[in-house]
file upload.pdb (PDB, C-alpha atoms, pLDDT in the B column)
MODEL        1
ATOM      1  CA  MET A   1     -10.095  22.575  18.319  1.00 85.00           C
ATOM      2  CA  LYS A   2      -7.499  24.647  16.449  1.00 91.00           C
ATOM      3  CA  ASN A   3      -8.221  26.932  13.521  1.00 95.00           C
ATOM      4  CA  ARG A   4      -6.628  29.269  10.975  1.00 95.00           C
ATOM      5  CA  ILE A   5      -9.028  32.158  11.402  1.00 96.00           C
ATOM      6  CA  LYS A   6      -6.392  34.597  12.623  1.00 96.00           C
ATOM      7  CA  VAL A   7      -4.186  33.915   9.581  1.00 96.00           C
ATOM      8  CA  LEU A   8      -7.097  34.024   7.145  1.00 96.00           C
ATOM      9  CA  ARG A   9      -8.241  37.277   8.658  1.00 96.00           C
ATOM     10  CA  ALA A  10      -4.782  38.789   8.381  1.00 96.00           C
ATOM     11  CA  GLU A  11      -4.541  37.743   4.712  1.00 95.00           C
ATOM     12  CA  ARG A  12      -7.733  39.667   4.025  1.00 95.00           C
ATOM     13  CA  ASN A  13      -6.888  42.649   6.258  1.00 95.00           C
ATOM     14  CA  MET A  14      -9.898  41.967   8.430  1.00 95.00           C
ATOM     15  CA  THR A  15     -10.157  42.855  12.094  1.00 94.00           C
ATOM     16  CA  GLN A  16     -11.930  40.669  14.633  1.00 94.00           C
ATOM     17  CA  GLU A  17     -14.686  43.268  14.627  1.00 91.00           C
ATOM     18  CA  ASP A  18     -15.040  43.016  10.824  1.00 92.00           C
ATOM     19  CA  LEU A  19     -15.379  39.247  11.038  1.00 94.00           C
ATOM     20  CA  ALA A  20     -17.826  39.552  13.921  1.00 92.00           C
ATOM     21  CA  ILE A  21     -19.937  41.899  11.790  1.00 91.00           C
ATOM     22  CA  GLU A  22     -19.976  39.448   8.893  1.00 92.00           C
ATOM     23  CA  VAL A  23     -21.003  36.409  10.935  1.00 92.00           C
ATOM     24  CA  GLN A  24     -23.204  38.290  13.415  1.00 90.00           C
ATOM     25  CA  VAL A  25     -21.525  37.463  16.714  1.00 92.00           C
ATOM     26  CA  SER A  26     -19.625  39.568  19.220  1.00 91.00           C
ATOM     27  CA  ARG A  27     -15.924  40.399  18.823  1.00 91.00           C
ATOM     28  CA  GLN A  28     -15.261  38.529  22.096  1.00 91.00           C
ATOM     29  CA  THR A  29     -16.683  35.372  20.541  1.00 94.00           C
ATOM     30  CA  ILE A  30     -14.358  35.678  17.525  1.00 95.00           C
ATOM     31  CA  ASN A  31     -11.439  36.208  19.900  1.00 95.00           C
ATOM     32  CA  ALA A  32     -12.379  33.127  21.969  1.00 95.00           C
ATOM     33  CA  ILE A  33     -12.699  31.006  18.804  1.00 96.00           C
ATOM     34  CA  GLU A  34      -9.336  32.190  17.475  1.00 96.00           C
ATOM     35  CA  ASN A  35      -7.651  31.372  20.782  1.00 93.00           C
ATOM     36  CA  GLY A  36      -9.237  27.911  20.874  1.00 92.00           C
ATOM     37  CA  LYS A  37     -11.182  28.700  24.038  1.00 93.00           C
ATOM     38  CA  PHE A  38     -14.578  28.288  22.403  1.00 95.00           C
ATOM     39  CA  ASP A  39     -15.595  25.857  19.669  1.00 94.00           C
ATOM     40  CA  PRO A  40     -18.146  27.361  17.283  1.00 96.00           C
ATOM     41  CA  SER A  41     -21.376  25.585  16.388  1.00 96.00           C
ATOM     42  CA  LEU A  42     -21.687  23.995  12.974  1.00 96.00           C
ATOM     43  CA  PRO A  43     -23.851  26.843  11.579  1.00 96.00           C
ATOM     44  CA  LEU A  44     -21.281  29.414  12.721  1.00 96.00           C
ATOM     45  CA  ALA A  45     -18.413  27.335  11.317  1.00 96.00           C
ATOM     46  CA  PHE A  46     -20.284  27.193   7.971  1.00 96.00           C
ATOM     47  CA  LYS A  47     -20.764  30.971   8.007  1.00 96.00           C
ATOM     48  CA  ILE A  48     -17.040  31.476   8.586  1.00 97.00           C
ATOM     49  CA  SER A  49     -16.082  28.967   5.907  1.00 97.00           C
ATOM     50  CA  ARG A  50     -18.433  30.586   3.379  1.00 97.00           C
ATOM     51  CA  LEU A  51     -16.962  33.986   4.174  1.00 96.00           C
ATOM     52  CA  PHE A  52     -13.410  32.766   3.572  1.00 96.00           C
ATOM     53  CA  GLU A  53     -14.562  30.622   0.614  1.00 96.00           C
ATOM     54  CA  LEU A  54     -12.909  27.545   2.081  1.00 96.00           C
ATOM     55  CA  ALA A  55     -14.091  24.178   3.330  1.00 95.00           C
ATOM     56  CA  ILE A  56     -14.666  23.861   7.070  1.00 94.00           C
ATOM     57  CA  GLU A  57     -11.851  21.304   7.361  1.00 93.00           C
ATOM     58  CA  ASP A  58      -9.473  23.810   5.749  1.00 94.00           C
ATOM     59  CA  ILE A  59     -10.139  26.221   8.596  1.00 96.00           C
ATOM     60  CA  PHE A  60     -10.826  24.030  11.639  1.00 94.00           C
ATOM     61  CA  HIS A  61      -8.946  20.907  12.656  1.00 90.00           C
ATOM     62  CA  ASP A  62      -8.514  18.689  15.710  1.00 83.00           C
ATOM     63  CA  ASP A  63      -5.710  19.331  18.159  1.00 70.00           C
TER      64      ASP A  63
ATOM     65  CA  MET B   1     -27.314  52.675   6.978  1.00 42.00           C
ATOM     66  CA  GLU B   2     -26.956  50.610  10.150  1.00 47.00           C
ATOM     67  CA  THR B   3     -24.292  47.931   9.865  1.00 53.00           C
ATOM     68  CA  LYS B   4     -24.958  44.269  10.756  1.00 58.00           C
ATOM     69  CA  SER B   5     -22.702  44.571  13.796  1.00 53.00           C
ATOM     70  CA  ASN B   6     -24.475  47.641  15.045  1.00 62.00           C
ATOM     71  CA  LYS B   7     -27.756  45.808  14.576  1.00 79.00           C
ATOM     72  CA  TYR B   8     -26.544  42.882  16.706  1.00 80.00           C
ATOM     73  CA  GLU B   9     -25.116  45.115  19.410  1.00 80.00           C
ATOM     74  CA  THR B  10     -28.138  47.392  19.359  1.00 84.00           C
ATOM     75  CA  THR B  11     -30.478  44.426  19.759  1.00 89.00           C
ATOM     76  CA  GLU B  12     -28.406  42.989  22.615  1.00 89.00           C
ATOM     77  CA  ARG B  13     -28.242  46.360  24.379  1.00 90.00           C
ATOM     78  CA  LYS B  14     -31.982  46.861  23.901  1.00 93.00           C
ATOM     79  CA  ASN B  15     -32.699  43.400  25.351  1.00 95.00           C
ATOM     80  CA  VAL B  16     -30.468  44.109  28.374  1.00 95.00           C
ATOM     81  CA  TRP B  17     -32.391  47.306  29.067  1.00 97.00           C
ATOM     82  CA  HIS B  18     -35.726  45.476  28.692  1.00 96.00           C
ATOM     83  CA  VAL B  19     -34.584  42.897  31.263  1.00 96.00           C
ATOM     84  CA  ALA B  20     -33.449  45.713  33.579  1.00 97.00           C
ATOM     85  CA  TYR B  21     -36.780  47.582  33.253  1.00 97.00           C
ATOM     86  CA  TRP B  22     -38.902  44.487  33.827  1.00 97.00           C
ATOM     87  CA  THR B  23     -36.744  43.321  36.753  1.00 96.00           C
ATOM     88  CA  ALA B  24     -36.948  46.764  38.364  1.00 97.00           C
ATOM     89  CA  GLY B  25     -40.721  46.783  37.785  1.00 97.00           C
ATOM     90  CA  TRP B  26     -41.078  43.334  39.304  1.00 96.00           C
ATOM     91  CA  CYS B  27     -39.024  44.334  42.383  1.00 95.00           C
ATOM     92  CA  LEU B  28     -41.173  47.459  42.771  1.00 97.00           C
ATOM     93  CA  THR B  29     -44.431  45.498  42.597  1.00 97.00           C
ATOM     94  CA  ILE B  30     -43.048  42.971  45.113  1.00 95.00           C
ATOM     95  CA  ALA B  31     -42.191  45.815  47.488  1.00 96.00           C
ATOM     96  CA  ILE B  32     -45.686  47.280  47.046  1.00 96.00           C
ATOM     97  CA  ALA B  33     -47.387  43.890  47.540  1.00 96.00           C
ATOM     98  CA  THR B  34     -45.224  43.143  50.610  1.00 94.00           C
ATOM     99  CA  PHE B  35     -45.297  46.476  52.417  1.00 96.00           C
ATOM    100  CA  GLY B  36     -48.588  47.835  51.018  1.00 95.00           C
ATOM    101  CA  PRO B  37     -50.819  45.889  53.462  1.00 95.00           C
ATOM    102  CA  ILE B  38     -48.823  47.300  56.394  1.00 93.00           C
ATOM    103  CA  PHE B  39     -48.275  50.910  55.306  1.00 94.00           C
ATOM    104  CA  LEU B  40     -50.812  51.675  52.561  1.00 94.00           C
ATOM    105  CA  TRP B  41     -54.091  49.745  52.673  1.00 91.00           C
ATOM    106  CA  ASP B  42     -54.307  48.245  56.167  1.00 90.00           C
ATOM    107  CA  TYR B  43     -54.560  44.573  55.136  1.00 92.00           C
ATOM    108  CA  ASN B  44     -57.473  45.058  52.711  1.00 93.00           C
ATOM    109  CA  SER B  45     -57.647  41.600  51.108  1.00 94.00           C
ATOM    110  CA  THR B  46     -58.960  42.774  47.725  1.00 96.00           C
ATOM    111  CA  ILE B  47     -56.171  45.288  47.248  1.00 96.00           C
ATOM    112  CA  SER B  48     -53.590  42.729  48.422  1.00 96.00           C
ATOM    113  CA  ILE B  49     -54.852  40.159  45.888  1.00 96.00           C
ATOM    114  CA  VAL B  50     -54.723  42.733  43.072  1.00 97.00           C
ATOM    115  CA  ALA B  51     -51.201  43.809  44.111  1.00 97.00           C
ATOM    116  CA  ILE B  52     -49.971  40.200  44.205  1.00 97.00           C
ATOM    117  CA  LEU B  53     -51.598  39.393  40.839  1.00 97.00           C
ATOM    118  CA  VAL B  54     -50.021  42.475  39.258  1.00 97.00           C
ATOM    119  CA  SER B  55     -46.645  41.439  40.691  1.00 97.00           C
ATOM    120  CA  THR B  56     -47.090  37.922  39.296  1.00 97.00           C
ATOM    121  CA  ILE B  57     -48.024  39.230  35.842  1.00 97.00           C
ATOM    122  CA  ILE B  58     -45.013  41.564  35.808  1.00 97.00           C
ATOM    123  CA  GLY B  59     -42.883  38.589  36.935  1.00 97.00           C
ATOM    124  CA  VAL B  60     -44.113  36.499  33.996  1.00 98.00           C
ATOM    125  CA  GLY B  61     -43.260  39.402  31.694  1.00 97.00           C
ATOM    126  CA  MET B  62     -39.783  39.535  33.209  1.00 97.00           C
ATOM    127  CA  ILE B  63     -39.297  35.801  32.553  1.00 97.00           C
ATOM    128  CA  LEU B  64     -40.331  36.195  28.889  1.00 97.00           C
ATOM    129  CA  VAL B  65     -38.085  39.222  28.384  1.00 97.00           C
ATOM    130  CA  ASN B  66     -35.181  37.355  30.007  1.00 95.00           C
ATOM    131  CA  ARG B  67     -35.791  34.404  27.664  1.00 96.00           C
ATOM    132  CA  LYS B  68     -35.735  36.774  24.701  1.00 96.00           C
ATOM    133  CA  TYR B  69     -32.456  38.240  25.976  1.00 95.00           C
ATOM    134  CA  ILE B  70     -30.835  34.790  26.260  1.00 95.00           C
ATOM    135  CA  ASN B  71     -32.050  33.750  22.803  1.00 94.00           C
ATOM    136  CA  GLY B  72     -30.744  37.001  21.332  1.00 93.00           C
ATOM    137  CA  LEU B  73     -27.197  36.431  22.556  1.00 94.00           C
ATOM    138  CA  ASP B  74     -24.508  34.952  20.348  1.00 93.00           C
ATOM    139  CA  GLU B  75     -23.630  31.331  21.054  1.00 94.00           C
ATOM    140  CA  MET B  76     -20.644  31.940  23.343  1.00 95.00           C
ATOM    141  CA  HIS B  77     -22.440  34.459  25.541  1.00 94.00           C
ATOM    142  CA  ARG B  78     -25.476  32.177  25.623  1.00 95.00           C
ATOM    143  CA  LYS B  79     -23.230  29.335  26.828  1.00 96.00           C
ATOM    144  CA  VAL B  80     -21.722  31.539  29.554  1.00 96.00           C
ATOM    145  CA  ASN B  81     -25.207  32.567  30.708  1.00 95.00           C
ATOM    146  CA  ILE B  82     -26.657  29.061  30.634  1.00 96.00           C
ATOM    147  CA  GLU B  83     -23.693  27.673  32.591  1.00 96.00           C
ATOM    148  CA  ALA B  84     -24.071  30.460  35.168  1.00 97.00           C
ATOM    149  CA  MET B  85     -27.800  29.734  35.446  1.00 96.00           C
ATOM    150  CA  ALA B  86     -27.161  25.990  35.827  1.00 97.00           C
ATOM    151  CA  ILE B  87     -24.678  26.626  38.652  1.00 97.00           C
ATOM    152  CA  ALA B  88     -27.000  29.141  40.315  1.00 97.00           C
ATOM    153  CA  PHE B  89     -29.910  26.701  40.089  1.00 97.00           C
ATOM    154  CA  GLY B  90     -27.855  23.820  41.525  1.00 97.00           C
ATOM    155  CA  VAL B  91     -26.396  25.886  44.353  1.00 97.00           C
ATOM    156  CA  SER B  92     -29.867  27.228  45.182  1.00 95.00           C
ATOM    157  CA  MET B  93     -31.389  23.749  45.309  1.00 95.00           C
ATOM    158  CA  VAL B  94     -28.616  22.116  47.335  1.00 96.00           C
ATOM    159  CA  GLY B  95     -27.758  25.151  49.465  1.00 94.00           C
ATOM    160  CA  GLY B  96     -31.405  26.058  50.037  1.00 92.00           C
ATOM    161  CA  LEU B  97     -32.399  22.571  51.154  1.00 94.00           C
ATOM    162  CA  SER B  98     -29.344  22.216  53.394  1.00 94.00           C
ATOM    163  CA  TYR B  99     -30.096  25.609  54.914  1.00 92.00           C
ATOM    164  CA  SER B 100     -33.716  24.591  55.466  1.00 91.00           C
ATOM    165  CA  MET B 101     -32.645  21.325  57.107  1.00 93.00           C
ATOM    166  CA  PHE B 102     -30.323  23.251  59.424  1.00 92.00           C
ATOM    167  CA  ASP B 103     -33.293  25.424  60.367  1.00 90.00           C
ATOM    168  CA  ILE B 104     -35.624  22.431  60.922  1.00 91.00           C
ATOM    169  CA  ALA B 105     -32.977  20.715  63.073  1.00 92.00           C
ATOM    170  CA  ASN B 106     -32.564  23.958  65.045  1.00 88.00           C
ATOM    171  CA  VAL B 107     -28.848  23.970  64.315  1.00 90.00           C
ATOM    172  CA  ILE B 108     -28.977  27.628  63.268  1.00 87.00           C
ATOM    173  CA  SER B 109     -30.547  30.386  65.315  1.00 85.00           C
ATOM    174  CA  ILE B 110     -32.128  32.354  62.438  1.00 84.00           C
ATOM    175  CA  ASP B 111     -35.176  31.303  60.383  1.00 84.00           C
ATOM    176  CA  ALA B 112     -34.583  30.158  56.796  1.00 82.00           C
ATOM    177  CA  GLU B 113     -36.342  32.753  54.615  1.00 85.00           C
ATOM    178  CA  ILE B 114     -37.093  32.616  50.879  1.00 87.00           C
ATOM    179  CA  GLY B 115     -35.293  35.963  50.560  1.00 88.00           C
ATOM    180  CA  HIS B 116     -32.032  34.302  51.609  1.00 90.00           C
ATOM    181  CA  LEU B 117     -32.464  31.756  48.820  1.00 92.00           C
ATOM    182  CA  ILE B 118     -33.090  34.454  46.218  1.00 91.00           C
ATOM    183  CA  LEU B 119     -30.021  36.331  47.441  1.00 93.00           C
ATOM    184  CA  LEU B 120     -27.938  33.146  47.214  1.00 94.00           C
ATOM    185  CA  THR B 121     -29.214  32.505  43.666  1.00 95.00           C
ATOM    186  CA  GLY B 122     -28.437  36.042  42.555  1.00 95.00           C
ATOM    187  CA  ILE B 123     -24.944  36.119  44.030  1.00 96.00           C
ATOM    188  CA  THR B 124     -24.110  32.645  42.672  1.00 97.00           C
ATOM    189  CA  TYR B 125     -25.330  33.590  39.182  1.00 96.00           C
ATOM    190  CA  PHE B 126     -23.308  36.814  39.248  1.00 96.00           C
ATOM    191  CA  ILE B 127     -20.079  35.087  40.357  1.00 97.00           C
ATOM    192  CA  ALA B 128     -20.541  32.207  37.890  1.00 97.00           C
ATOM    193  CA  PHE B 129     -21.211  34.696  35.074  1.00 96.00           C
ATOM    194  CA  ILE B 130     -18.044  36.688  35.864  1.00 96.00           C
ATOM    195  CA  ILE B 131     -15.926  33.504  36.048  1.00 96.00           C
ATOM    196  CA  GLY B 132     -17.430  32.226  32.778  1.00 95.00           C
ATOM    197  CA  SER B 133     -16.785  35.544  31.037  1.00 94.00           C
ATOM    198  CA  ILE B 134     -13.146  35.544  32.187  1.00 94.00           C
ATOM    199  CA  ARG B 135     -12.668  31.919  31.124  1.00 92.00           C
ATOM    200  CA  TYR B 136     -13.600  32.655  27.499  1.00 89.00           C
ATOM    201  CA  LYS B 137     -11.773  35.995  27.352  1.00 84.00           C
TER     202      LYS B 137
ENDMDL
END
call {"tool": "encode", "arguments": {"input": "upload.pdb", "output": "structure tokens"}}
result
Amino acid sequence: MKNRIKVLRAERNMTQEDLAIEVQVSRQTINAIENGKFDPSLPLAFKISRLFELAIEDIFHDD
Amino acid sequence: METKSNKYETTERKNVWHVAYWTAGWCLTIAIATFGPIFLWDYNSTISIVAILVSTIIGVGMILVNRKYINGLDEMHRKVNIEAMAIAFGVSMVGGLSYSMFDIANVISIDAEIGHLILLTGITYFIAFIIGSIRYK
């Protein structure tokens, strides 16, 4: 599953660590999600979408 | 004020240390229960029973602390750990039974001991955990 987290983060001047703090996971998990190596659960995807004030489908999409 | 991230990392670190303490305690009580009858209390049954019960209780504590550690991880690290545990469990079952069958059939010269199985489980878990961690890096 691909996503726009890296771009959205950059637009808001957020580091992976900042995002990890906000959604309460490790920085490695954010990195794995950004690189498409790990698909987040629905609750985590909702947390990320709420943080960026976007719908889940605006952030995550199928390959 | 402690940040959310620090709170998560602090909790994870604390849980790791709890697992380490309880595992070390369990290993110590196993050593005492195993070697105590030989070197300390000359096969006194009452003391042996108490030592084994204490070891079992500490072991149960270790299981609960380990469960707390797994539940406290974030979802990716939990997945890595659960996959490593699944592989370790499978390898232990299959490898352990094959090893035992080799022993029963007298194909191998050494006796199959439970310690070998625990060693196999530990090594398999460690390798699977490292591979899993690298895969999601």
call {"tool": "residues_around", "arguments": {"input": "upload.pdb", "residues": "Phe38 (chain A)", "least_positions_apart": "4", "cutoff": "10 Å", "atoms": "all atoms listed in the file", "output": "MDAnalysis selection string"}}
result
(chainID A and resid 1:2 29:34) or (chainID B and resid 75:76 79 135:137)
call {"tool": "write_last_selection", "arguments": {"input": "upload.pdb", "atoms": "C-alpha atoms", "output": "mmCIF file, keeping the file's coordinate frame"}}
result
data_model
loop_
_atom_site.group_PDB
_atom_site.id
_atom_site.type_symbol
_atom_site.label_atom_id
_atom_site.label_comp_id
_atom_site.auth_asym_id
_atom_site.auth_seq_id
_atom_site.Cartn_x
_atom_site.Cartn_y
_atom_site.Cartn_z
ATOM 1 C CA MET A 1 -10.095 22.575 18.319
ATOM 2 C CA LYS A 2 -7.499 24.647 16.449
ATOM 3 C CA THR A 29 -16.683 35.372 20.541
ATOM 4 C CA ILE A 30 -14.358 35.678 17.525
ATOM 5 C CA ASN A 31 -11.439 36.208 19.900
ATOM 6 C CA ALA A 32 -12.379 33.127 21.969
ATOM 7 C CA ILE A 33 -12.699 31.006 18.804
ATOM 8 C CA GLU A 34 -9.336 32.190 17.475
ATOM 9 C CA GLU B 75 -23.630 31.331 21.054
ATOM 10 C CA MET B 76 -20.644 31.940 23.343
ATOM 11 C CA LYS B 79 -23.230 29.335 26.828
ATOM 12 C CA ARG B 135 -12.668 31.919 31.124
ATOM 13 C CA TYR B 136 -13.600 32.655 27.499
ATOM 14 C CA LYS B 137 -11.773 35.995 27.352
#
call {"tool": "interface_residues", "arguments": {"input": "upload.pdb", "of": "chain A", "to": "chain B", "cutoff": "9 Å", "atoms": "all atoms listed in the file", "output": "JSON list (two decimals) with C-alpha atoms, keeping the file's coordinate frame"}}
result
[["chain", "number", "residue", "atom", "x", "y", "z"],
["A", 17, "GLU", "CA", -14.69, 43.27, 14.63],
["A", 18, "ASP", "CA", -15.04, 43.02, 10.82],
["A", 20, "ALA", "CA", -17.83, 39.55, 13.92],
["A", 21, "ILE", "CA", -19.94, 41.90, 11.79],
["A", 22, "GLU", "CA", -19.98, 39.45, 8.89],
["A", 23, "VAL", "CA", -21.00, 36.41, 10.94],
["A", 24, "GLN", "CA", -23.20, 38.29, 13.42],
["A", 25, "VAL", "CA", -21.52, 37.46, 16.71],
["A", 26, "SER", "CA", -19.62, 39.57, 19.22],
["A", 28, "GLN", "CA", -15.26, 38.53, 22.10],
["A", 29, "THR", "CA", -16.68, 35.37, 20.54],
["A", 31, "ASN", "CA", -11.44, 36.21, 19.90],
["A", 32, "ALA", "CA", -12.38, 33.13, 21.97],
["A", 33, "ILE", "CA", -12.70, 31.01, 18.80],
["A", 37, "LYS", "CA", -11.18, 28.70, 24.04],
["A", 38, "PHE", "CA", -14.58, 28.29, 22.40],
["A", 39, "ASP", "CA", -15.60, 25.86, 19.67],
["A", 40, "PRO", "CA", -18.15, 27.36, 17.28],
["A", 41, "SER", "CA", -21.38, 25.58, 16.39],
["A", 44, "LEU", "CA", -21.28, 29.41, 12.72]]
call {"tool": "atom_distance", "arguments": {"input": "upload.pdb", "atom1": "CA of Phe60 (chain A)", "atom2": "CA of Val80 (chain B)"}}
result
22.3 Å
call {"tool": "atom_distance", "arguments": {"input": "upload.pdb", "atom1": "CA of Trp26 (chain B)", "atom2": "CA of Leu117 (chain B)"}}
result
17.3 Å
call {"tool": "atom_distance", "arguments": {"input": "upload.pdb", "atom1": "CA of Thr11 (chain B)", "atom2": "CA of Tyr69 (chain B)"}}
result
9.0 Å
